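Student: So that you have it, the file is upload.tsv, and it contains TSV, C-alpha atoms:
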chain	number	residue	atom	x	y	z
A	1	MET	CA	56.30	-14.72	-5.98
A	2	SER	CA	53.90	-11.86	-5.22
A	3	ARG	CA	50.42	-12.66	-4.12
A	4	ARG	CA	47.52	-11.38	-6.08
A	5	ILE	CA	45.49	-8.92	-4.03
A	6	PRO	CA	41.77	-9.66	-4.35
A	7	GLN	CA	39.84	-6.79	-5.87
A	8	PRO	CA	36.43	-5.69	-4.62
A	9	PRO	CA	33.52	-6.57	-6.91
A	10	SER	CA	32.67	-3.96	-9.52
A	11	ARG	CA	28.99	-4.21	-8.62
A	12	LEU	CA	27.40	-4.80	-5.27
A	13	PRO	CA	25.41	-8.05	-5.02
A	14	VAL	CA	22.49	-6.06	-3.65
A	15	ASP	CA	20.88	-3.50	-5.93
A	16	PRO	CA	21.41	0.06	-4.55
A	17	TYR	CA	17.69	0.71	-4.66
A	18	ILE	CA	16.99	-2.42	-2.62
A	19	ALA	CA	19.59	-1.16	-0.14
A	20	ALA	CA	17.69	2.15	-0.02
A	21	LEU	CA	14.45	0.26	0.65
A	22	ILE	CA	16.10	-1.64	3.50
A	23	GLY	CA	17.47	1.63	4.88
A	24	THR	CA	13.98	3.13	4.74
A	25	VAL	CA	12.58	0.20	6.71
A	26	VAL	CA	15.33	0.64	9.32
A	27	LEU	CA	14.58	4.38	9.52
A	28	ALA	CA	10.88	3.64	10.05
A	29	ALA	CA	11.80	1.16	12.79
A	30	LEU	CA	14.02	3.68	14.60
A	31	LEU	CA	12.07	6.87	13.90
A	32	PRO	CA	8.48	5.99	12.97
A	33	ALA	CA	6.13	8.81	12.08
A	34	SER	CA	3.39	9.20	14.68
A	35	GLY	CA	0.75	11.76	15.62
A	36	PRO	CA	0.77	14.90	13.43
A	37	ALA	CA	3.91	13.67	11.64
A	38	ALA	CA	2.06	10.52	10.60
A	39	GLU	CA	-0.75	12.62	9.13
A	40	VAL	CA	1.74	14.69	7.15
A	41	ALA	CA	3.56	11.56	5.95
A	42	GLY	CA	0.26	9.93	5.00
A	43	GLY	CA	-0.82	12.95	2.96
A	44	ALA	CA	2.55	13.15	1.24
A	45	SER	CA	2.41	9.42	0.51
A	46	THR	CA	-1.05	9.77	-1.06
A	47	GLY	CA	0.17	12.61	-3.27
A	48	ALA	CA	3.30	10.68	-4.22
A	49	VAL	CA	1.26	7.65	-5.28
A	50	ALA	CA	-0.98	9.83	-7.47
A	51	LEU	CA	2.09	11.44	-9.06
A	52	LEU	CA	3.64	8.02	-9.62
A	53	PHE	CA	0.67	6.73	-11.61
A	54	PHE	CA	0.28	10.03	-13.45
A	55	LEU	CA	3.83	9.59	-14.74
A	56	TYR	CA	3.07	5.98	-15.69
A	57	GLY	CA	0.20	7.20	-17.83
A	58	ALA	CA	2.26	9.99	-19.40
A	59	ARG	CA	5.06	7.58	-20.37
A	60	LEU	CA	3.05	4.80	-21.96
A	61	SER	CA	2.40	5.25	-25.66
A	62	THR	CA	-1.11	3.99	-26.42
A	63	ALA	CA	-0.30	3.62	-30.12
A	64	GLU	CA	2.74	1.44	-29.44
A	65	ALA	CA	0.80	-0.67	-26.95
A	66	LEU	CA	-1.95	-1.28	-29.53
A	67	ASP	CA	0.68	-2.07	-32.16
A	68	GLY	CA	2.09	-4.74	-29.86
A	69	LEU	CA	-1.25	-6.57	-29.86
A	70	ARG	CA	-0.15	-8.34	-33.03
A	71	HIS	CA	1.72	-10.80	-30.80
A	72	TRP	CA	-1.45	-11.50	-28.83
A	73	ARG	CA	-0.71	-15.17	-28.04
A	74	LEU	CA	2.49	-14.22	-26.21
A	75	HIS	CA	0.81	-11.44	-24.25
A	76	LEU	CA	-2.10	-13.67	-23.24
A	77	THR	CA	0.39	-16.26	-22.04
A	78	VAL	CA	2.19	-13.69	-19.86
A	79	LEU	CA	-1.12	-12.39	-18.50
A	80	ALA	CA	-2.20	-15.96	-17.71
A	81	CYS	CA	1.02	-16.55	-15.78
A	82	THR	CA	0.65	-13.26	-13.90
A	83	PHE	CA	-3.06	-13.23	-13.09
A	84	VAL	CA	-4.06	-16.92	-13.20
A	85	VAL	CA	-1.18	-19.25	-12.33
A	86	PHE	CA	0.38	-16.95	-9.73
A	87	PRO	CA	-2.93	-16.38	-7.87
A	88	LEU	CA	-3.66	-20.12	-7.88
A	89	LEU	CA	-0.30	-20.79	-6.24
A	90	GLY	CA	-1.00	-17.96	-3.81
A	91	LEU	CA	-4.28	-19.59	-2.83
A	92	ALA	CA	-2.49	-22.91	-2.34
A	93	SER	CA	-0.23	-21.18	0.21
A	94	ALA	CA	-3.18	-21.21	2.63
A	95	GLY	CA	-2.07	-24.75	3.41
A	96	LEU	CA	1.11	-23.32	4.95
A	97	VAL	CA	-0.87	-21.67	7.78
A	98	PRO	CA	-0.19	-21.83	10.71
A	99	TYR	CA	2.82	-24.18	10.61
A	100	VAL	CA	4.96	-22.26	8.07
A	101	LEU	CA	3.35	-18.83	7.67
A	102	THR	CA	1.24	-16.71	9.96
A	103	PRO	CA	-2.16	-15.59	8.58
A	104	GLN	CA	-0.81	-12.05	8.09
A	105	LEU	CA	2.27	-13.23	6.16
A	106	GLN	CA	0.13	-15.56	4.09
A	107	SER	CA	-2.11	-12.61	3.15
A	108	GLY	CA	1.00	-10.72	2.02
A	109	PHE	CA	2.21	-13.83	0.15
A	110	LEU	CA	-1.12	-14.05	-1.66
A	111	PHE	CA	-1.07	-10.31	-2.39
A	112	LEU	CA	2.35	-10.55	-4.08
A	113	CYS	CA	0.83	-13.20	-6.37
A	114	LEU	CA	-1.82	-10.69	-7.49
A	115	VAL	CA	0.33	-7.70	-8.52
A	116	PRO	CA	1.38	-7.15	-12.16
A	117	SER	CA	4.68	-7.98	-13.79
A	118	THR	CA	7.67	-5.65	-14.04
A	119	ILE	CA	8.69	-3.69	-17.13
A	120	GLN	CA	12.29	-2.57	-16.57
A	121	SER	CA	13.86	-5.81	-15.37
A	122	SER	CA	11.86	-7.92	-17.84
A	123	ILE	CA	13.31	-5.87	-20.70
A	124	ALA	CA	16.84	-5.95	-19.29
A	125	PHE	CA	16.97	-9.69	-18.65
A	126	THR	CA	15.27	-10.51	-21.98
A	127	SER	CA	17.93	-8.47	-23.77
A	128	ILE	CA	20.80	-10.09	-21.88
A	129	ALA	CA	19.41	-13.54	-22.71
A	130	ARG	CA	19.00	-12.62	-26.43
A	131	GLY	CA	15.23	-12.88	-26.31
A	132	ASN	CA	12.39	-10.96	-27.96
A	133	VAL	CA	12.88	-7.47	-26.49
A	134	PRO	CA	9.93	-5.73	-28.20
A	135	ALA	CA	7.62	-8.47	-26.92
A	136	ALA	CA	8.98	-8.00	-23.38
A	137	ILE	CA	8.31	-4.25	-23.56
A	138	CYS	CA	4.71	-4.75	-24.69
A	139	ALA	CA	4.04	-7.67	-22.32
A	140	GLY	CA	5.27	-5.71	-19.32
A	141	SER	CA	3.23	-2.66	-20.35
A	142	PHE	CA	0.04	-4.68	-20.82
A	143	SER	CA	0.55	-6.39	-17.47
A	144	SER	CA	0.99	-3.04	-15.71
A	145	ILE	CA	-2.17	-1.62	-17.27
A	146	ALA	CA	-4.19	-4.75	-16.51
A	147	GLY	CA	-2.87	-4.79	-12.94
A	148	ILE	CA	-4.34	-1.38	-12.18
A	149	PHE	CA	-7.78	-2.93	-12.69
A	150	LEU	CA	-7.24	-6.63	-11.91
A	151	THR	CA	-5.08	-6.46	-8.77
A	152	PRO	CA	-7.63	-4.59	-6.61
A	153	LEU	CA	-10.47	-6.78	-7.91
A	154	LEU	CA	-8.55	-10.01	-7.30
A	155	ALA	CA	-7.50	-8.78	-3.87
A	156	ALA	CA	-11.08	-7.98	-2.94
A	157	ALA	CA	-12.27	-11.38	-4.18
A	158	LEU	CA	-9.48	-13.61	-2.84
A	159	LEU	CA	-8.33	-11.84	0.31
A	160	GLY	CA	-11.72	-10.71	1.52
A	161	GLY	CA	-11.70	-9.32	5.05
A	162	SER	CA	-8.16	-10.55	5.77
A	163	GLY	CA	-6.73	-7.53	4.01
A	164	GLY	CA	-8.03	-5.22	6.68
A	165	GLY	CA	-9.57	-2.78	4.24
A	166	PHE	CA	-11.11	-4.44	1.21
A	167	SER	CA	-14.43	-2.70	0.74
A	168	GLY	CA	-16.21	-0.38	-1.62
A	169	ASP	CA	-14.37	2.52	-0.03
A	170	ALA	CA	-11.01	0.83	-0.63
A	171	LEU	CA	-11.81	0.22	-4.29
A	172	LEU	CA	-12.96	3.83	-4.60
A	173	LYS	CA	-9.62	4.96	-3.17
A	174	ILE	CA	-7.86	2.81	-5.76
A	175	GLY	CA	-9.84	4.54	-8.48
A	176	VAL	CA	-9.13	8.02	-7.16
A	177	GLN	CA	-5.45	7.52	-6.29
A	178	LEU	CA	-4.41	5.22	-9.15
A	179	LEU	CA	-6.83	5.09	-12.07
A	180	LEU	CA	-7.66	8.80	-12.32
A	181	PRO	CA	-4.00	9.96	-12.28
A	182	PHE	CA	-3.12	7.26	-14.81
A	183	ALA	CA	-5.96	8.34	-17.10
A	184	ALA	CA	-4.95	11.99	-16.70
A	185	GLY	CA	-1.39	11.11	-17.70
A	186	GLN	CA	-2.68	9.35	-20.82
A	187	LEU	CA	-4.88	12.32	-21.77
A	188	LEU	CA	-2.02	14.80	-21.33
A	189	ARG	CA	0.62	12.59	-22.93
A	190	ARG	CA	0.61	14.53	-26.23
A	191	ARG	CA	1.43	17.74	-24.36
A	192	ILE	CA	3.92	16.48	-21.81
A	193	GLY	CA	5.17	13.24	-23.39
A	194	GLY	CA	8.21	14.94	-24.87
A	195	PHE	CA	9.13	16.55	-21.56
A	196	VAL	CA	8.76	13.22	-19.76
A	197	ALA	CA	10.97	11.49	-22.33
A	198	ARG	CA	13.67	14.17	-22.13
A	199	HIS	CA	13.79	14.07	-18.33
A	200	ARG	CA	13.34	10.34	-17.84
A	201	LYS	CA	16.29	9.97	-15.46
A	202	VAL	CA	15.18	12.84	-13.22
A	203	LEU	CA	11.59	11.63	-13.15
A	204	GLY	CA	12.91	8.15	-12.41
A	205	LEU	CA	14.23	9.57	-9.14
A	206	VAL	CA	10.74	10.91	-8.46
A	207	ASP	CA	9.38	7.39	-9.02
A	208	ARG	CA	11.79	5.79	-6.63
A	209	GLY	CA	11.48	8.54	-4.06
A	210	SER	CA	7.70	8.13	-4.12
A	211	ILE	CA	8.00	4.42	-3.42
A	212	LEU	CA	10.46	5.02	-0.58
A	213	LEU	CA	7.97	7.45	0.96
A	214	VAL	CA	5.20	4.84	0.67
A	215	VAL	CA	7.46	2.24	2.34
A	216	TYR	CA	8.34	4.63	5.18
A	217	THR	CA	4.70	5.50	5.81
A	218	ALA	CA	3.55	1.86	5.73
A	219	PHE	CA	6.28	0.59	8.03
A	220	SER	CA	5.83	3.53	10.41
A	221	GLU	CA	2.16	2.62	10.79
A	222	GLY	CA	3.19	-0.97	11.44
A	223	MET	CA	5.67	0.06	14.12
A	224	VAL	CA	3.12	2.28	15.87
A	225	ALA	CA	0.55	-0.52	15.76
A	226	GLY	CA	3.13	-3.01	17.13
A	227	ILE	CA	2.56	-5.63	14.44
A	228	TRP	CA	6.29	-6.34	13.98
A	229	HIS	CA	6.31	-8.24	17.24
A	230	GLN	CA	4.35	-10.92	15.37
A	231	VAL	CA	7.28	-11.78	13.05
A	232	THR	CA	10.14	-13.98	14.24
A	233	PRO	CA	13.39	-14.87	12.42
A	234	ALA	CA	12.09	-18.42	11.98
A	235	ARG	CA	8.97	-17.09	10.26
A	236	LEU	CA	11.07	-14.91	7.97
A	237	GLY	CA	13.20	-17.91	7.03
A	238	ALA	CA	10.07	-19.92	6.30
A	239	LEU	CA	8.73	-17.07	4.16
A	240	LEU	CA	11.94	-16.96	2.13
A	241	ALA	CA	11.78	-20.73	1.57
A	242	ALA	CA	8.15	-20.51	0.42
A	243	GLU	CA	9.01	-17.68	-1.97
A	244	ALA	CA	11.96	-19.62	-3.39
A	245	VAL	CA	9.60	-22.49	-4.21
A	246	LEU	CA	7.10	-20.05	-5.75
A	247	LEU	CA	9.75	-18.47	-7.97
A	248	ALA	CA	11.13	-21.86	-9.06
A	249	LEU	CA	7.64	-23.07	-9.99
A	250	MET	CA	6.86	-19.95	-12.03
A	251	LEU	CA	10.19	-20.04	-13.85
A	252	ALA	CA	9.52	-23.66	-14.80
A	253	VAL	CA	5.87	-23.12	-15.76
A	254	SER	CA	6.62	-20.06	-17.91
A	255	TRP	CA	9.58	-21.73	-19.70
A	256	TYR	CA	8.27	-25.24	-20.33
A	257	GLY	CA	4.65	-24.13	-20.70
A	258	ALA	CA	5.69	-21.72	-23.48
A	259	LYS	CA	7.52	-24.58	-25.17
A	260	ARG	CA	4.40	-26.76	-25.07
A	261	LEU	CA	2.44	-23.90	-26.62
A	262	GLY	CA	4.82	-23.83	-29.58
A	263	PHE	CA	6.72	-20.58	-28.95
A	264	GLY	CA	10.25	-20.15	-30.29
A	265	ARG	CA	13.29	-19.63	-28.08
A	266	ALA	CA	13.28	-15.81	-28.25
A	267	ASP	CA	9.59	-15.66	-27.32
A	268	ARG	CA	10.03	-18.22	-24.53
A	269	ILE	CA	12.72	-16.02	-22.99
A	270	ALA	CA	10.39	-13.00	-23.02
A	271	ILE	CA	7.56	-15.08	-21.54
A	272	GLN	CA	9.76	-16.49	-18.78
A	273	PHE	CA	11.13	-13.15	-17.61
A	274	ALA	CA	7.85	-11.23	-17.94
A	275	GLY	CA	5.68	-14.04	-16.60
A	276	SER	CA	7.71	-14.92	-13.50
A	277	LYS	CA	8.19	-11.44	-12.02
A	278	LYS	CA	6.21	-9.15	-9.75
A	279	SER	CA	6.39	-5.36	-9.71
A	280	LEU	CA	7.43	-3.66	-6.50
A	281	ALA	CA	6.64	-0.25	-8.00
A	282	SER	CA	3.01	-1.17	-8.69
A	283	GLY	CA	2.43	-3.38	-5.66
A	284	LEU	CA	3.57	-1.02	-2.91
A	285	PRO	CA	1.17	1.86	-3.66
A	286	MET	CA	-1.76	-0.55	-3.99
A	287	ALA	CA	-0.89	-2.26	-0.71
A	288	SER	CA	-0.74	1.07	1.11
A	289	VAL	CA	-4.30	1.80	-0.02
A	290	LEU	CA	-5.77	-1.67	0.45
A	291	PHE	CA	-4.11	-2.78	3.69
A	292	GLY	CA	-3.85	0.45	5.68
A	293	ALA	CA	-2.04	-0.11	9.00
A	294	GLN	CA	-1.34	-3.73	8.02
A	295	ALA	CA	0.55	-2.67	4.87
A	296	SER	CA	4.02	-3.22	6.37
A	297	LEU	CA	3.47	-6.97	6.78
A	298	ALA	CA	1.61	-7.13	3.49
A	299	VAL	CA	4.49	-5.67	1.45
A	300	LEU	CA	7.25	-7.62	3.22
A	301	PRO	CA	6.77	-10.77	1.07
A	302	LEU	CA	6.73	-8.62	-2.07
A	303	MET	CA	9.95	-6.81	-1.12
A	304	LEU	CA	11.76	-10.09	-0.42
A	305	PHE	CA	10.45	-11.73	-3.60
A	306	HIS	CA	11.52	-8.71	-5.67
A	307	GLN	CA	15.15	-9.00	-4.56
A	308	MET	CA	15.11	-12.79	-4.99
A	309	GLN	CA	13.76	-12.61	-8.53
A	310	LEU	CA	16.42	-10.09	-9.56
A	311	MET	CA	19.30	-12.24	-8.32
A	312	VAL	CA	17.97	-15.52	-9.72
A	313	CYS	CA	16.93	-14.10	-13.09
A	314	ALA	CA	20.31	-12.40	-13.53
A	315	VAL	CA	21.95	-15.83	-13.36
A	316	ILE	CA	19.38	-17.39	-15.69
A	317	ALA	CA	19.70	-14.56	-18.24
A	318	LYS	CA	23.47	-15.03	-18.48
A	319	ARG	CA	23.00	-18.78	-18.91
A	320	ARG	CA	20.44	-18.26	-21.68
A	321	ALA	CA	22.88	-15.88	-23.39
A	322	ARG	CA	25.64	-18.52	-23.30
A	323	ASP	CA	23.23	-21.12	-24.66
A	324	GLY	CA	22.34	-18.75	-27.48
A	325	GLN	CA	25.99	-18.15	-28.32
A	326	ASP	CA	26.57	-21.90	-28.56
A	327	ALA	CA	23.68	-22.19	-31.02
A	328	VAL	CA	24.65	-19.16	-33.17
A	329	SER	CA	28.03	-18.43	-34.72
A	330	PRO	CA	29.85	-15.26	-33.54
A	331	GLU	CA	29.51	-13.72	-37.01
A	332	ALA	CA	25.74	-14.19	-36.98
A	333	ALA	CA	25.23	-13.24	-33.36
A	334	VAL	CA	26.09	-9.55	-33.79
A	335	PRO	CA	23.45	-8.65	-36.38
A	336	VAL	CA	20.84	-10.66	-34.49
A	337	ALA	CA	21.45	-8.74	-31.27
A	338	GLN	CA	21.58	-5.41	-33.10
A	339	GLY	CA	18.42	-6.20	-35.01
A	340	ARG	CA	16.48	-6.87	-31.86
A	341	VAL	CA	17.26	-3.49	-30.36
A	342	ALA	CA	16.73	-1.78	-33.72
A	343	ASN	CA	13.24	-3.28	-33.99
A	344	VAL	CA	12.13	-1.80	-30.67
A	345	PRO	CA	9.68	1.12	-31.14
A	346	PRO	CA	11.27	4.58	-30.60
A	347	ALA	CA	9.85	5.07	-27.12
A	348	GLY	CA	10.80	1.50	-26.31
A	349	ARG	CA	14.41	2.18	-27.33
A	350	ARG	CA	14.52	5.13	-24.93
A	351	TYR	CA	13.09	2.91	-22.23
A	352	PHE	CA	15.61	0.23	-23.07
A	353	ARG	CA	18.63	2.55	-22.94
A	354	ASN	CA	17.72	3.78	-19.48
A	355	THR	CA	17.07	0.31	-18.06
A	356	PRO	CA	19.70	-0.75	-15.49
Would you mind giving the structure from this file in structure tokens?

Tutor:
Amino acid sequence: MSRRIPQPPSRLPVDPYIAALIGTVVLAALLPASGPAAEVAGGASTGAVALLFFLYGARLSTAEALDGLRHWRLHLTVLACTFVVFPLLGLASAGLVPYVLTPQLQSGFLFLCLVPSTIQSSIAFTSIARGNVPAAICAGSFSSIAGIFLTPLLAAALLGGSGGGFSGDALLKIGVQLLLPFAAGQLLRRRIGGFVARHRKVLGLVDRGSILLVVYTAFSEGMVAGIWHQVTPARLGALLAAEAVLLALMLAVSWYGAKRLGFGRADRIAIQFAGSKKSLASGLPMASVLFGAQASLAVLPLMLFHQMQLMVCAVIAKRRARDGQDAVSPEAAVPVAQGRVANVPPAGRRYFRNTP
């Protein structure tokens, strides 16, 4: 009898973009930018961050965001998870110093608790789990907008001097590099919105390339400053364990808390996936401005948490989908799933189609 030859998996367990981020960190470790090259990389990184937030502003439809306010209880619940419960847990992590986390890693751990939620993965996982997709689109958008204002303010209030650069100048840089480009994108959206929508995939590469440049610049500064000698494998293992506990707590709070508040199953799914995630795309540019040379250690907890949340939520989304199939007959399941996507606003449907 012939043996069955095992086939390689159709998809890698690690997202290709996460692999690119890891490769960028390795490149910065082997060939860090220093001297004049560091100045060039820093200037390019600043320009890339401004372009990134300009595109955010050009993509977001203000009318659709305002229309989504009708489900205000759900959005307030997601915002409370993102900017109240998460920061409280981040503050509690101070008890892990110095036995579990170093002060620098704890600052990065707290910072990850302050950044806004994701949009893309929240939509994707909510759809897979047969949840309220339009609500996930709006909740993620509102969180991203609020994060532009709230994350720097919370960081200044909660991190204080430990961030290495939280001052009036740092907040001014946030305004110039993030808020002004975002506002400019919103003002020009009527003129360039169509172009942005037609070239979403190409501009998505610009997004990701900008973030990779920010990562390279931040980790190069860390290598030149020698701060990586402060991190040991044991500390990294402890950081991963702390982040696993954080993610488990937020998944439980967002799911069971939404149930106590009286939300239905579809809304609870959207709340869980939007309320338990943190955005790498928003957090990295802010960290590069707020932390300066300490940004490499500050973004390390966020990078690890981002990969962890993707893997765990992928499993949960499939389980929620199976639970939904058990509760709904196959004949009824098809129109329900189609209806959800059909009810997404036009720009949301374009966003949804291009979500991995």

Student: Would you mind reading off the distance between CA of Leu159 (chain A) and CA of Ala295 (chain A), one decimal, in Å?

Tutor: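 These two atoms are separated by 13.6 Å.
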
Student: Env of Ser122 (chain A): 12 Å cut, atoms = all atoms listed in the file, seq-sep filter 6 positions within chain, self excluded. Answer as a PyMOL selection string.

Tutor: chain A and resi 78+116+128-129+131-141+143+269-279+309-310+313-314+317+351-352+355-356

Student: So what do you get for CA of Gly185 (chain A) versus CA of Leu52 (chain A), distance-wise?

Tutor: 10.0 Å

Student: Of the candidates A:Leu101, A:Ala124, A:Leu246, A:Ala321, which one gets nearest to Ala266 (chain A) if we count only C-alpha atoms?

Tutor: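 Answer, going by the shortest atom-to-atom distance: A:Ala321.
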
Student: Quick check, in Å to one decimal: how far apart do CA of Leu150 (chain A) and CA of Val115 (chain A) lie?

Tutor: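 Atom-to-atom, CA of Leu150 (chain A) to CA of Val115 (chain A), that is 8.4 Å.
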
Student: Using all atoms listed in the file, which residue out of A:Leu30, A:Thr24, A:Arg73, A:Thr102 lies closest to Leu261 (chain A)?

Tutor: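 Using all atoms listed in the file, the shortest distance to Leu261 (chain A) belongs to A:Arg73.
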
Student: Write out as a PDB file with C-alpha atoms, keeping the file's coordinate frame which residues come within 9 Å of Leu302 (chain A) when counting all atoms listed in the file, dropping same-chain ones fewer than 4 positions away.

Tutor:
ATOM      1  CA  GLY A 108       1.000 -10.720   2.020  1.00  0.00           C
ATOM      2  CA  PHE A 109       2.210 -13.830   0.150  1.00  0.00           C
ATOM      3  CA  PHE A 111      -1.070 -10.310  -2.390  1.00  0.00           C
ATOM      4  CA  LEU A 112       2.350 -10.550  -4.080  1.00  0.00           C
ATOM      5  CA  CYS A 113       0.830 -13.200  -6.370  1.00  0.00           C
ATOM      6  CA  LYS A 278       6.210  -9.150  -9.750  1.00  0.00           C
ATOM      7  CA  SER A 279       6.390  -5.360  -9.710  1.00  0.00           C
ATOM      8  CA  LEU A 280       7.430  -3.660  -6.500  1.00  0.00           C
ATOM      9  CA  GLY A 283       2.430  -3.380  -5.660  1.00  0.00           C
ATOM     10  CA  LEU A 284       3.570  -1.020  -2.910  1.00  0.00           C
ATOM     11  CA  ALA A 298       1.610  -7.130   3.490  1.00  0.00           C
ATOM     12  CA  HIS A 306      11.520  -8.710  -5.670  1.00  0.00           C
ATOM     13  CA  GLN A 307      15.150  -9.000  -4.560  1.00  0.00           C
TER      14      GLN A 307
END

Student: Is it possible to get the residues within 12 Å of (16.5, 0.3, 0.4) (coordinates as in the file, counting only C-alpha atoms) written as a short mmCIF file (atom, residue, chain, number, x, y, z; two decimals) with C-alpha atoms, in the coordinates of the input?

Tutor:
data_model
loop_
_atom_site.label_atom_id
_atom_site.label_comp_id
_atom_site.auth_asym_id
_atom_site.auth_seq_id
_atom_site.Cartn_x
_atom_site.Cartn_y
_atom_site.Cartn_z
CA VAL A 14 22.49 -6.06 -3.65
CA ASP A 15 20.88 -3.50 -5.93
CA PRO A 16 21.41 0.06 -4.55
CA TYR A 17 17.69 0.71 -4.66
CA ILE A 18 16.99 -2.42 -2.62
CA ALA A 19 19.59 -1.16 -0.14
CA ALA A 20 17.69 2.15 -0.02
CA LEU A 21 14.45 0.26 0.65
CA ILE A 22 16.10 -1.64 3.50
CA GLY A 23 17.47 1.63 4.88
CA THR A 24 13.98 3.13 4.74
CA VAL A 25 12.58 0.20 6.71
CA VAL A 26 15.33 0.64 9.32
CA LEU A 27 14.58 4.38 9.52
CA ALA A 28 10.88 3.64 10.05
CA ARG A 208 11.79 5.79 -6.63
CA GLY A 209 11.48 8.54 -4.06
CA ILE A 211 8.00 4.42 -3.42
CA LEU A 212 10.46 5.02 -0.58
CA LEU A 213 7.97 7.45 0.96
CA VAL A 215 7.46 2.24 2.34
CA TYR A 216 8.34 4.63 5.18
CA MET A 303 9.95 -6.81 -1.12
CA LEU A 304 11.76 -10.09 -0.42
CA HIS A 306 11.52 -8.71 -5.67
CA GLN A 307 15.15 -9.00 -4.56
#

Student: Taking only C-alpha atoms into account, name the residue in A:Phe142, A:Phe182, A:Phe305, A:Phe149 that is nearest to His71 (chain A).

Tutor: A:Phe142

Student: Restricting the calculation to only C-alpha atoms, which member of A:Leu178, A:Val40, A:Leu96, A:Val206 is positioned closest to Gly147 (chain A)?

Tutor: A:Leu178

Student: Select, from A:Ala197, A:Val100, A:Leu114, A:Ala183, the residue with the minimum atom-to-atom distance to Leu239 (chain A), counting all atoms listed in the file.

Tutor: A:Val100

Student: In terms of the shortest atom-to-atom distance over only C-alpha atoms, which of A:Ser121, A:Leu153, A:Ala44, A:Ile192 is closest to Gly175 (chain A)?

Tutor: A:Leu153

Student: Please return region 311-315 of chain A, rebuilt to all heavy atoms, as a PDB file, in the coordinates of the input.

Tutor:
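And here's part-v4.pdb as it stands now:
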ATOM      1  N   MET A 311      18.063 -11.465  -8.413  1.00  0.00           N
ATOM      2  CA  MET A 311      19.300 -12.240  -8.320  1.00  0.00           C
ATOM      3  C   MET A 311      19.219 -13.528  -9.128  1.00  0.00           C
ATOM      4  O   MET A 311      20.153 -13.883  -9.862  1.00  0.00           O
ATOM      5  CB  MET A 311      19.620 -12.535  -6.850  1.00  0.00           C
ATOM      6  CG  MET A 311      19.945 -11.297  -6.030  1.00  0.00           C
ATOM      7  SD  MET A 311      20.543 -11.668  -4.369  1.00  0.00           S
ATOM      8  CE  MET A 311      19.087 -12.415  -3.631  1.00  0.00           C
ATOM      9  N   VAL A 312      18.111 -14.247  -9.014  1.00  0.00           N
ATOM     10  CA  VAL A 312      17.970 -15.520  -9.720  1.00  0.00           C
ATOM     11  C   VAL A 312      17.886 -15.301 -11.225  1.00  0.00           C
ATOM     12  O   VAL A 312      18.542 -16.008 -12.001  1.00  0.00           O
ATOM     13  CB  VAL A 312      16.730 -16.278  -9.200  1.00  0.00           C
ATOM     14  CG1 VAL A 312      16.456 -17.513 -10.056  1.00  0.00           C
ATOM     15  CG2 VAL A 312      16.916 -16.679  -7.747  1.00  0.00           C
ATOM     16  N   CYS A 313      17.103 -14.324 -11.659  1.00  0.00           N
ATOM     17  CA  CYS A 313      16.930 -14.100 -13.090  1.00  0.00           C
ATOM     18  C   CYS A 313      18.194 -13.553 -13.744  1.00  0.00           C
ATOM     19  O   CYS A 313      18.414 -13.762 -14.935  1.00  0.00           O
ATOM     20  CB  CYS A 313      15.758 -13.156 -13.341  1.00  0.00           C
ATOM     21  SG  CYS A 313      14.151 -13.921 -13.018  1.00  0.00           S
ATOM     22  N   ALA A 314      19.029 -12.852 -12.984  1.00  0.00           N
ATOM     23  CA  ALA A 314      20.310 -12.400 -13.530  1.00  0.00           C
ATOM     24  C   ALA A 314      21.178 -13.598 -13.911  1.00  0.00           C
ATOM     25  O   ALA A 314      21.820 -13.620 -14.968  1.00  0.00           O
ATOM     26  CB  ALA A 314      21.037 -11.522 -12.522  1.00  0.00           C
ATOM     27  N   VAL A 315      21.186 -14.616 -13.070  1.00  0.00           N
ATOM     28  CA  VAL A 315      21.950 -15.830 -13.360  1.00  0.00           C
ATOM     29  C   VAL A 315      21.364 -16.566 -14.556  1.00  0.00           C
ATOM     30  O   VAL A 315      22.086 -16.999 -15.467  1.00  0.00           O
ATOM     31  CB  VAL A 315      21.978 -16.748 -12.121  1.00  0.00           C
ATOM     32  CG1 VAL A 315      22.665 -18.076 -12.449  1.00  0.00           C
ATOM     33  CG2 VAL A 315      22.687 -16.063 -10.964  1.00  0.00           C
TER      34      VAL A 315
END
